[in-house]
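Reproduced below: upload28.cif, with mmCIF, C-alpha atoms and all ligand atoms.
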data_data
loop_
_atom_site.label_atom_id
_atom_site.label_comp_id
_atom_site.auth_asym_id
_atom_site.auth_seq_id
_atom_site.Cartn_x
_atom_site.Cartn_y
_atom_site.Cartn_z
CA MET A 1 -19.75 -23.40 1.58
CA ARG A 2 -19.41 -19.67 2.24
CA SER A 3 -15.81 -18.79 2.62
CA ILE A 4 -13.26 -15.98 2.70
CA HIS A 5 -11.70 -15.44 -0.73
CA VAL A 6 -8.33 -13.71 -0.79
CA ILE A 7 -7.58 -11.89 -4.06
CA HIS A 8 -3.83 -11.45 -4.57
CA GLU A 9 -0.97 -12.08 -7.00
CA ASN A 10 1.94 -12.97 -4.73
CA PRO A 11 1.78 -16.33 -2.92
CA ASP A 12 4.94 -15.40 -0.95
CA TRP A 13 2.93 -12.86 1.04
CA LEU A 14 0.16 -15.28 2.04
CA PRO A 15 1.61 -17.54 4.79
CA PRO A 16 1.17 -15.11 7.73
CA LEU A 17 -2.47 -14.57 6.76
CA ALA A 18 -2.99 -18.29 6.15
CA ALA A 19 -1.66 -19.07 9.64
CA ALA A 20 -4.01 -16.48 11.17
CA PHE A 21 -7.03 -17.92 9.31
CA ASP A 22 -6.07 -21.41 10.39
CA ARG A 23 -5.68 -20.36 14.02
CA LEU A 24 -9.30 -19.15 13.93
CA ARG A 25 -10.40 -22.19 11.89
CA LEU A 26 -11.85 -19.96 9.19
CA PRO A 27 -12.72 -21.39 5.77
CA TRP A 28 -10.74 -19.60 3.09
CA THR A 29 -9.53 -19.89 -0.49
CA GLU A 30 -7.03 -17.95 -2.51
CA TRP A 31 -7.71 -16.26 -5.81
CA ASP A 32 -4.35 -15.76 -7.47
CA LEU A 33 -5.10 -13.10 -10.07
CA SER A 34 -1.68 -13.17 -11.70
CA GLY A 35 -3.85 -14.90 -14.30
CA GLY A 36 -7.35 -16.31 -14.51
CA VAL A 37 -10.58 -16.91 -16.41
CA PHE A 38 -13.93 -15.61 -15.17
CA ASP A 39 -17.40 -16.25 -16.57
CA LEU A 40 -18.95 -12.84 -16.06
CA SER A 41 -22.44 -14.14 -16.87
CA ALA A 42 -22.31 -16.55 -13.91
CA ALA A 43 -22.69 -15.58 -10.25
CA PRO A 44 -19.54 -15.51 -8.10
CA PRO A 45 -19.30 -17.88 -5.13
CA GLU A 46 -20.80 -16.83 -1.83
CA GLY A 47 -18.69 -15.38 0.94
CA VAL A 48 -16.48 -12.46 1.78
CA PHE A 49 -13.83 -11.23 -0.63
CA TYR A 50 -10.63 -9.55 0.49
CA ASN A 51 -8.70 -7.76 -2.23
CA ARG A 52 -4.98 -7.40 -1.68
CA MET A 53 -3.85 -6.77 -5.24
CA SER A 54 -0.50 -5.01 -5.09
CA ALA A 55 0.68 -1.85 -6.88
CA SER A 56 4.00 -3.60 -7.49
CA SER A 57 2.44 -6.67 -9.19
CA HIS A 58 4.05 -5.71 -12.51
CA THR A 59 7.50 -6.07 -10.91
CA ARG A 60 6.80 -9.79 -10.43
CA GLY A 61 5.95 -10.33 -14.09
CA HIS A 62 2.22 -9.80 -13.57
CA ARG A 63 1.80 -6.72 -15.71
CA TYR A 64 -1.97 -6.95 -16.09
CA ALA A 65 -3.00 -8.43 -12.71
CA ALA A 66 -4.35 -5.08 -11.48
CA GLU A 67 -6.43 -4.68 -14.66
CA LEU A 68 -7.82 -8.20 -14.22
CA THR A 69 -8.61 -7.40 -10.58
CA ALA A 70 -10.52 -4.23 -11.55
CA GLY A 71 -12.74 -6.35 -13.81
CA VAL A 72 -13.23 -9.06 -11.19
CA LEU A 73 -14.08 -6.52 -8.46
CA ALA A 74 -16.69 -4.90 -10.72
CA TRP A 75 -18.26 -8.32 -11.25
CA LEU A 76 -18.25 -9.12 -7.51
CA THR A 77 -19.80 -5.80 -6.50
CA ARG A 78 -22.43 -6.02 -9.27
CA HIS A 79 -23.51 -9.29 -7.61
CA GLY A 80 -23.65 -7.63 -4.21
CA ARG A 81 -20.77 -9.58 -2.74
CA ARG A 82 -19.09 -8.20 0.37
CA VAL A 83 -15.70 -6.99 -0.84
CA VAL A 84 -13.16 -5.70 1.65
CA ASN A 85 -10.89 -3.19 -0.14
CA GLY A 86 -13.07 -3.06 -3.23
CA PRO A 87 -12.71 -1.05 -6.46
CA ARG A 88 -11.97 2.26 -4.78
CA ALA A 89 -9.17 0.75 -2.72
CA LEU A 90 -7.65 -0.63 -5.93
CA ASP A 91 -7.93 2.83 -7.54
CA LEU A 92 -5.91 4.25 -4.66
CA GLU A 93 -3.43 1.38 -4.62
CA ILE A 94 -2.33 2.00 -8.20
CA SER A 95 -2.21 5.80 -8.24
CA LYS A 96 -0.48 8.13 -5.80
CA ALA A 97 -2.07 11.10 -7.60
CA ARG A 98 -5.48 9.72 -6.60
CA GLN A 99 -4.21 9.01 -3.07
CA TYR A 100 -3.12 12.60 -2.64
CA ALA A 101 -6.41 14.02 -3.95
CA ALA A 102 -8.35 11.78 -1.56
CA LEU A 103 -6.05 12.49 1.42
CA GLU A 104 -6.31 16.24 0.90
CA ALA A 105 -10.08 16.01 0.53
CA ALA A 106 -10.09 14.37 3.99
CA GLY A 107 -7.96 17.17 5.43
CA VAL A 108 -4.72 15.15 5.53
CA PRO A 109 -1.75 17.22 4.30
CA VAL A 110 0.46 15.71 1.57
CA PRO A 111 3.85 16.80 0.19
CA ARG A 112 3.92 19.33 -2.65
CA THR A 113 3.70 17.16 -5.75
CA VAL A 114 3.76 17.66 -9.52
CA LEU A 115 2.33 15.02 -11.89
CA ALA A 116 4.17 14.68 -15.20
CA LEU A 117 3.90 12.72 -18.44
CA GLY A 118 6.61 13.37 -20.96
CA ASP A 119 10.19 12.81 -22.00
CA ALA A 120 13.29 13.51 -19.86
CA GLY A 121 13.47 17.12 -21.06
CA ARG A 122 9.87 17.83 -20.17
CA VAL A 123 10.07 16.25 -16.70
CA ALA A 124 13.34 18.09 -15.96
CA ALA A 125 11.76 21.36 -17.12
CA ALA A 126 8.93 20.73 -14.66
CA ALA A 127 11.52 20.23 -11.88
CA ARG A 128 13.15 23.56 -12.81
CA GLU A 129 9.83 25.37 -12.88
CA HIS A 130 8.24 23.94 -9.75
CA PHE A 131 11.23 23.13 -7.55
CA ALA A 132 13.51 26.00 -8.59
CA GLY A 133 15.91 23.46 -10.07
CA GLY A 134 16.81 22.37 -6.51
CA PRO A 135 16.46 19.03 -4.71
CA VAL A 136 13.51 16.93 -5.77
CA ILE A 137 12.16 13.43 -5.22
CA LEU A 138 11.22 11.47 -8.34
CA LYS A 139 8.78 8.57 -7.96
CA PRO A 140 6.44 6.60 -10.16
CA ASN A 141 2.73 7.39 -9.77
CA ARG A 142 2.07 3.68 -9.43
CA GLY A 143 4.56 2.68 -6.78
CA GLY A 144 5.38 -0.20 -4.52
CA LYS A 145 8.35 -1.27 -2.42
CA GLY A 146 10.06 2.08 -2.98
CA LEU A 147 11.13 1.01 -6.48
CA GLY A 148 12.18 3.95 -8.62
CA VAL A 149 11.99 6.46 -5.74
CA ARG A 150 15.09 8.68 -5.97
CA LEU A 151 16.29 11.95 -4.56
CA PHE A 152 18.14 14.30 -6.93
CA PRO A 153 20.16 17.31 -5.83
CA ASP A 154 19.14 19.30 -8.91
CA ALA A 155 17.22 19.19 -12.19
CA GLU A 156 20.39 18.41 -14.20
CA ALA A 157 21.02 15.18 -12.25
CA LEU A 158 17.35 14.29 -12.66
CA GLU A 159 17.50 14.86 -16.41
CA ALA A 160 20.69 12.81 -16.81
CA HIS A 161 19.08 9.95 -14.86
CA LEU A 162 15.93 10.01 -16.96
CA ARG A 163 17.84 10.16 -20.25
CA ALA A 164 19.79 7.03 -19.29
CA LEU A 165 16.82 5.15 -17.82
CA PRO A 166 16.01 1.90 -19.68
CA GLU A 167 12.45 1.66 -20.99
CA ASP A 168 11.60 -1.19 -18.59
CA GLU A 169 12.35 1.05 -15.60
CA HIS A 170 9.85 3.72 -16.62
CA PRO A 171 6.62 3.95 -14.60
CA VAL A 172 4.22 1.24 -15.65
CA ASP A 173 1.43 3.81 -16.18
CA GLY A 174 3.85 6.30 -17.76
CA LEU A 175 3.34 8.86 -15.00
CA TRP A 176 6.05 10.45 -12.88
CA LEU A 177 5.62 12.42 -9.70
CA LEU A 178 8.04 15.15 -8.70
CA GLN A 179 7.84 15.79 -4.99
CA GLU A 180 9.34 18.04 -2.36
CA HIS A 181 12.01 16.31 -0.32
CA LEU A 182 10.79 15.98 3.26
CA ARG A 183 13.43 16.16 5.92
CA ALA A 184 12.83 14.57 9.27
CA GLU A 185 14.64 15.09 12.57
CA ARG A 186 15.76 11.43 12.46
CA PRO A 187 15.91 9.14 9.38
CA VAL A 188 12.55 7.49 10.07
CA ILE A 189 9.05 7.37 8.65
CA THR A 190 5.88 6.27 10.44
CA ARG A 191 3.47 3.77 9.03
CA SER A 192 0.02 3.51 10.59
CA GLU A 193 -1.80 0.25 10.13
CA PHE A 194 -5.60 0.07 9.90
CA VAL A 195 -7.81 -3.01 9.88
CA GLY A 196 -11.60 -2.89 9.56
CA GLY A 197 -11.15 0.85 9.03
CA ARG A 198 -9.78 1.27 12.57
CA PHE A 199 -6.29 2.11 13.75
CA LEU A 200 -4.34 -1.01 14.79
CA TYR A 201 -0.81 0.19 15.53
CA ALA A 202 1.92 2.38 14.11
CA VAL A 203 5.45 1.30 13.24
CA GLU A 204 8.47 3.47 12.94
CA VAL A 205 10.70 2.48 10.03
CA ASP A 206 14.38 3.35 9.88
CA THR A 207 15.09 4.73 6.40
CA SER A 208 18.81 5.28 6.74
CA ALA A 209 19.52 2.31 4.45
CA GLY A 210 17.37 3.68 1.60
CA PHE A 211 13.87 4.06 0.25
CA GLU A 212 12.84 0.40 -0.29
CA LEU A 213 10.65 -0.35 2.69
CA CYS A 214 8.93 -3.68 2.22
CA PRO A 215 8.12 -5.00 5.70
CA ALA A 216 7.61 -8.64 4.69
CA ASP A 217 10.33 -11.19 5.45
CA VAL A 218 10.48 -12.25 1.81
CA CYS A 219 11.61 -8.75 0.83
CA ALA A 220 14.73 -8.86 3.01
CA VAL A 221 17.87 -8.69 0.85
CA GLY A 222 21.28 -10.20 1.61
CA ASP A 223 22.33 -12.41 4.48
CA ALA A 224 23.62 -9.94 7.03
CA PRO A 225 20.91 -8.67 9.35
CA PRO A 226 20.93 -4.90 9.80
CA ALA A 227 22.63 -3.68 12.99
CA ALA A 228 19.38 -2.38 14.50
CA PRO A 229 15.81 -3.47 13.78
CA ARG A 230 14.38 -1.34 11.00
CA PHE A 231 10.75 -1.70 12.15
CA ARG A 232 9.53 -0.85 15.63
CA VAL A 233 5.93 -0.78 16.87
CA LEU A 234 5.30 2.58 18.57
CA GLU A 235 3.82 2.16 22.01
CA GLY A 236 2.09 5.52 22.01
CA GLY A 237 0.43 5.02 18.60
CA VAL A 238 -0.23 8.30 16.78
CA GLU A 239 -1.95 11.46 17.97
CA PRO A 240 -5.76 11.11 18.19
CA GLY A 241 -6.48 13.97 15.75
CA LEU A 242 -4.35 12.41 13.00
CA ARG A 243 -5.76 8.98 13.68
CA ALA A 244 -9.35 10.26 13.38
CA LYS A 245 -8.55 12.02 10.09
CA LEU A 246 -6.92 8.93 8.61
CA GLU A 247 -9.87 6.75 9.66
CA ALA A 248 -12.27 9.26 8.07
CA PHE A 249 -10.14 9.21 4.90
CA LEU A 250 -10.38 5.41 4.72
CA ALA A 251 -14.14 5.42 5.37
CA ALA A 252 -14.68 8.00 2.62
CA ASN A 253 -12.70 5.84 0.21
CA GLY A 254 -14.13 2.38 0.78
CA THR A 255 -10.82 1.11 2.17
CA GLU A 256 -10.78 -1.04 5.30
CA VAL A 257 -7.27 -2.46 5.40
CA ALA A 258 -4.36 -0.11 4.80
CA GLY A 259 -0.95 1.07 5.93
CA ILE A 260 -0.54 4.84 5.61
CA GLU A 261 2.97 6.28 5.63
CA PHE A 262 3.88 9.73 6.80
CA ILE A 263 6.91 11.83 7.65
CA ARG A 264 7.21 14.34 10.48
CA SER A 265 9.04 17.12 8.75
CA THR A 266 11.53 19.34 10.60
CA ASP A 267 9.30 22.36 9.92
CA GLY A 268 6.55 20.81 12.05
CA ARG A 269 4.33 19.47 9.26
CA VAL A 270 3.07 15.87 9.31
CA LEU A 271 2.65 14.78 5.69
CA ALA A 272 1.17 11.54 4.37
CA TYR A 273 2.81 10.37 1.14
CA ASP A 274 1.87 6.72 0.61
CA VAL A 275 -1.26 4.61 1.08
CA ASN A 276 -0.75 0.84 0.90
CA THR A 277 -4.03 -1.03 0.56
CA ASN A 278 -2.06 -4.23 0.22
CA THR A 279 -0.13 -4.12 3.42
CA ASN A 280 2.46 -6.52 4.85
CA TYR A 281 3.48 -6.63 8.49
CA ASN A 282 6.91 -7.00 10.00
CA PRO A 283 7.01 -10.24 12.05
CA GLU A 284 10.00 -9.26 14.24
CA ALA A 285 8.45 -5.92 15.19
CA GLU A 286 5.17 -7.67 16.04
CA GLU A 287 7.04 -10.28 18.06
CA LYS A 288 8.90 -7.63 20.02
CA ALA A 289 5.70 -5.70 20.72
CA GLY A 290 4.11 -8.89 22.06
CA VAL A 291 1.28 -8.95 19.51
CA ALA A 292 2.52 -11.76 17.22
CA GLY A 293 0.02 -14.60 16.93
CA THR A 294 -2.73 -12.55 18.58
CA GLY A 295 -5.73 -10.58 17.30
CA ARG A 296 -3.63 -7.44 17.73
CA SER A 297 -1.11 -8.48 15.07
CA GLY A 298 -1.75 -7.38 11.48
CA PRO A 299 -2.64 -10.84 10.11
CA GLY A 300 -4.51 -11.72 13.34
CA ALA A 301 -6.64 -8.58 13.16
CA ILE A 302 -7.41 -9.12 9.46
CA ALA A 303 -8.44 -12.74 10.05
CA ALA A 304 -10.68 -11.76 12.99
CA PHE A 305 -12.24 -8.94 10.97
CA LEU A 306 -12.91 -11.12 7.91
CA GLY A 307 -14.24 -13.90 10.13
CA ALA A 308 -16.72 -11.45 11.71
CA GLU A 309 -17.77 -10.25 8.24
CA LEU A 310 -18.32 -13.85 7.17
CA ASP A 311 -20.53 -14.43 10.23
CA ALA A 312 -22.42 -11.18 9.65
CA GLY A 313 -23.12 -12.20 6.04
CA ALA A 314 -24.33 -15.65 7.14
CA THR A 315 -26.72 -14.09 9.67
CA ALA A 316 -28.00 -11.63 7.05
CA SER A 317 -28.66 -14.36 4.47
CA ARG A 318 -30.46 -16.54 7.07
CA ALA A 319 -32.64 -13.56 8.00
CA ALA A 320 -33.48 -12.78 4.36
N1 LIG B 401 8.78 13.31 -0.38
C1 LIG B 401 9.63 12.51 0.26
N2 LIG B 401 10.61 13.02 1.06
C2 LIG B 401 11.50 12.21 1.68
N3 LIG B 401 11.50 10.85 1.59
C3 LIG B 401 10.55 10.29 0.80
C4 LIG B 401 9.57 11.09 0.10
N4 LIG B 401 8.79 10.26 -0.59
C5 LIG B 401 9.23 9.01 -0.36
N5 LIG B 401 10.29 9.02 0.48
C6 LIG B 401 11.03 7.83 0.96
O1 LIG B 401 10.94 6.82 -0.03
C7 LIG B 401 10.20 5.70 0.46
C8 LIG B 401 9.35 5.11 -0.66
O2 LIG B 401 8.44 6.09 -1.15
P1 LIG B 401 6.88 5.79 -1.29
O3 LIG B 401 6.21 7.04 -1.74
O4 LIG B 401 6.39 5.18 -0.04
O5 LIG B 401 6.85 4.76 -2.49
P2 LIG B 401 6.29 3.25 -2.54
O6 LIG B 401 4.84 3.34 -2.89
O7 LIG B 401 7.09 2.61 -3.61
O8 LIG B 401 6.48 2.64 -1.18
C9 LIG B 401 9.41 6.29 1.61
O9 LIG B 401 9.02 5.34 2.54
C10 LIG B 401 10.39 7.28 2.21
O10 LIG B 401 11.38 6.66 2.99
MG MG B 402 5.81 3.33 0.69
#
Show me, as structure tokens, the structure contained in the file I just sent.
Ligand SMILES: Nc1ncnc2c1ncn2[C@@H]1O[C@H](COP(=O)(O)OP(=O)(O)O)[C@@H](O)[C@H]1O
Ligand SMILES: [Mg+2]
Amino acid sequence: MRSIHVIHENPDWLPPLAAAFDRLRLPWTEWDLSGGVFDLSAAPPEGVFYNRMSASSHTRGHRYAAELTAGVLAWLTRHGRRVVNGPRALDLEISKARQYAALEAAGVPVPRTVLALGDAGRVAAAAREHFAGGPVILKPNRGGKGLGVRLFPDAEALEAHLRALPEDEHPVDGLWLLQEHLRAERPVITRSEFVGGRFLYAVEVDTSAGFELCPADVCAVGDAPPAAPRFRVLEGGVEPGLRAKLEAFLAANGTEVAGIEFIRSTDGRVLAYDVNTNTNYNPEAEEKAGVAGTGRSGPGAIAAFLGAELDAGATASRAA
């Protein structure tokens, strides 16, 4: 039977999507690519494939899941399978340097960023040269969940941090990004969600507690709930010009499901700094906005979109 196949590596992130599929009575299977064996000389099963491999897969002990996914996606596309968030989405997911090149090519401004491979001395020298030794954000090129994202007041603090950093906390692809520190009027970022390449909603995220911003329930740490909700769906969405640019960026990069994060800087710039092609949605924020359990929720919109793609494929193969 033709079905929806969900490519992932973290079962903890599946239940909201599973519930949305079940609500629509859609046939689906999961492909857990934290491991696997694939006969590349055979044809893949029929259906629609949805890739949600995560940039942070290595932090869950799945160091090579993204590499396996790249191979599997090549095999699926060679066989003409419909893949939502195919190889180009994976390329973006695992490299902020590629995200920034693609965003800028689509006319979306990004923060000033320096890409660096080298030891602590070399990276600190780059901070001195390009950021005048002043405040700088350090982040891994392959990110996820805000892990390893730090603000340093000066290049000396950055160098001391890097010299003391254990090997297993270095970026998994070896690449660091040095980035200008964006200051916002209030300690918030905005994350715009897109499904089927179209804007769904935007959430404002309170960043006063730090840089780790995983919206899924399973990422919540500790028992005490924060005083105020950290995620809030914005009623007004985002300005139409920005929305159109972000949709054009996704279309140009073969990415149909994504959450794009940006900061409104105090100097009036709106800068995108993170593209999540594996996106999780905050259930409380969706509940509060009255979209939970509907086609306007993140999981609901994805299920409806994939269901329509499954139907479209069935019609096409009957017509052929
Ligand atoms: N250039 C920046 N200026 C200020 N804050 C930043 C900057 N880059 C990242 N942050 C903060 O750190 C968080 C995590 O950074 P991000 O680039 O999204 O990494 P990840 O891919 O791990 O989510 C952001 O959501 C934001 O709160
Ligand atoms: Mg982020």
- request: Mind checking which residues fall within 9 Å of segment 278-291 of chain A, counting all atoms listed in the file, ignoring those fewer than 5 positions away in the same chain, and posting them as a PyMOL selection string?
  value: chain A and resi 8+13+16+51-55+85+93+193+203+214-217+229-235+257-259+296-300
- prompt: Using all atoms listed in the file, which residues sit within 12 Å of Ile260 of chain A once same-chain residues fewer than 4 positions away are excluded, as an NGL selection string?
  reply: :A and (92-93 or 96 or 99-100 or 103 or 108 or 110 or 189-195 or 197 or 199-204 or 238 or 242-243 or 245-247 or 249-250 or 255-256 or 271-280)
Listing only residues of chain A within 6 Å of ligand LIG 401 (chain B), what is the closest atom pair and its distance in Å (to one decimal) for each, using all atoms listed in the file, sorted by chain and residue number ascending, as a tab-separated table?
residue	atom	partner	partner_atom	distance
A:Ile137	CA	B:LIG401	N1	5.9
A:Gly143	CA	B:LIG401	O6	4.0
A:Gly144	CA	B:LIG401	O7	3.4
A:Lys145	CA	B:LIG401	O7	4.2
A:Gly146	CA	B:LIG401	O7	3.1
A:Leu147	CA	B:LIG401	O7	5.2
A:Val149	CA	B:LIG401	O2	5.8
A:Gln179	CA	B:LIG401	N1	5.3
A:Glu180	CA	B:LIG401	N1	5.2
A:His181	CA	B:LIG401	N2	3.8
A:Leu182	CA	B:LIG401	N2	3.7
A:Thr207	CA	B:LIG401	O10	5.4
A:Phe211	CA	B:LIG401	C7	4.0
A:Glu212	CA	B:LIG401	C8	5.9
A:Leu213	CA	B:LIG401	O9	5.9
A:Tyr273	CA	B:LIG401	O3	5.6
A:Asp274	CA	B:LIG401	O4	4.8
- request: Select, from A:Pro153, A:Pro87, A:Gly80, A:Pro109, the residue with the minimum atom-to-atom distance to Ala127 of chain A, counting only C-alpha atoms.
  value: A:Pro153
Neighbour list for segment 26-33 of chain A as number ranges by chain, cut-off 10 Å, all atoms listed in the file, skip fewer than 4 positions in-chain: A: 1-11, 14, 18, 20-22, 37, 47-51, 53, 57, 62, 64-69, 72, 303-304, 306-307, 310
- prompt: Quick one, how far is atom CA of Ala160 of chain A from atom CA of Arg183 of chain A?
  reply: 24.1 Å
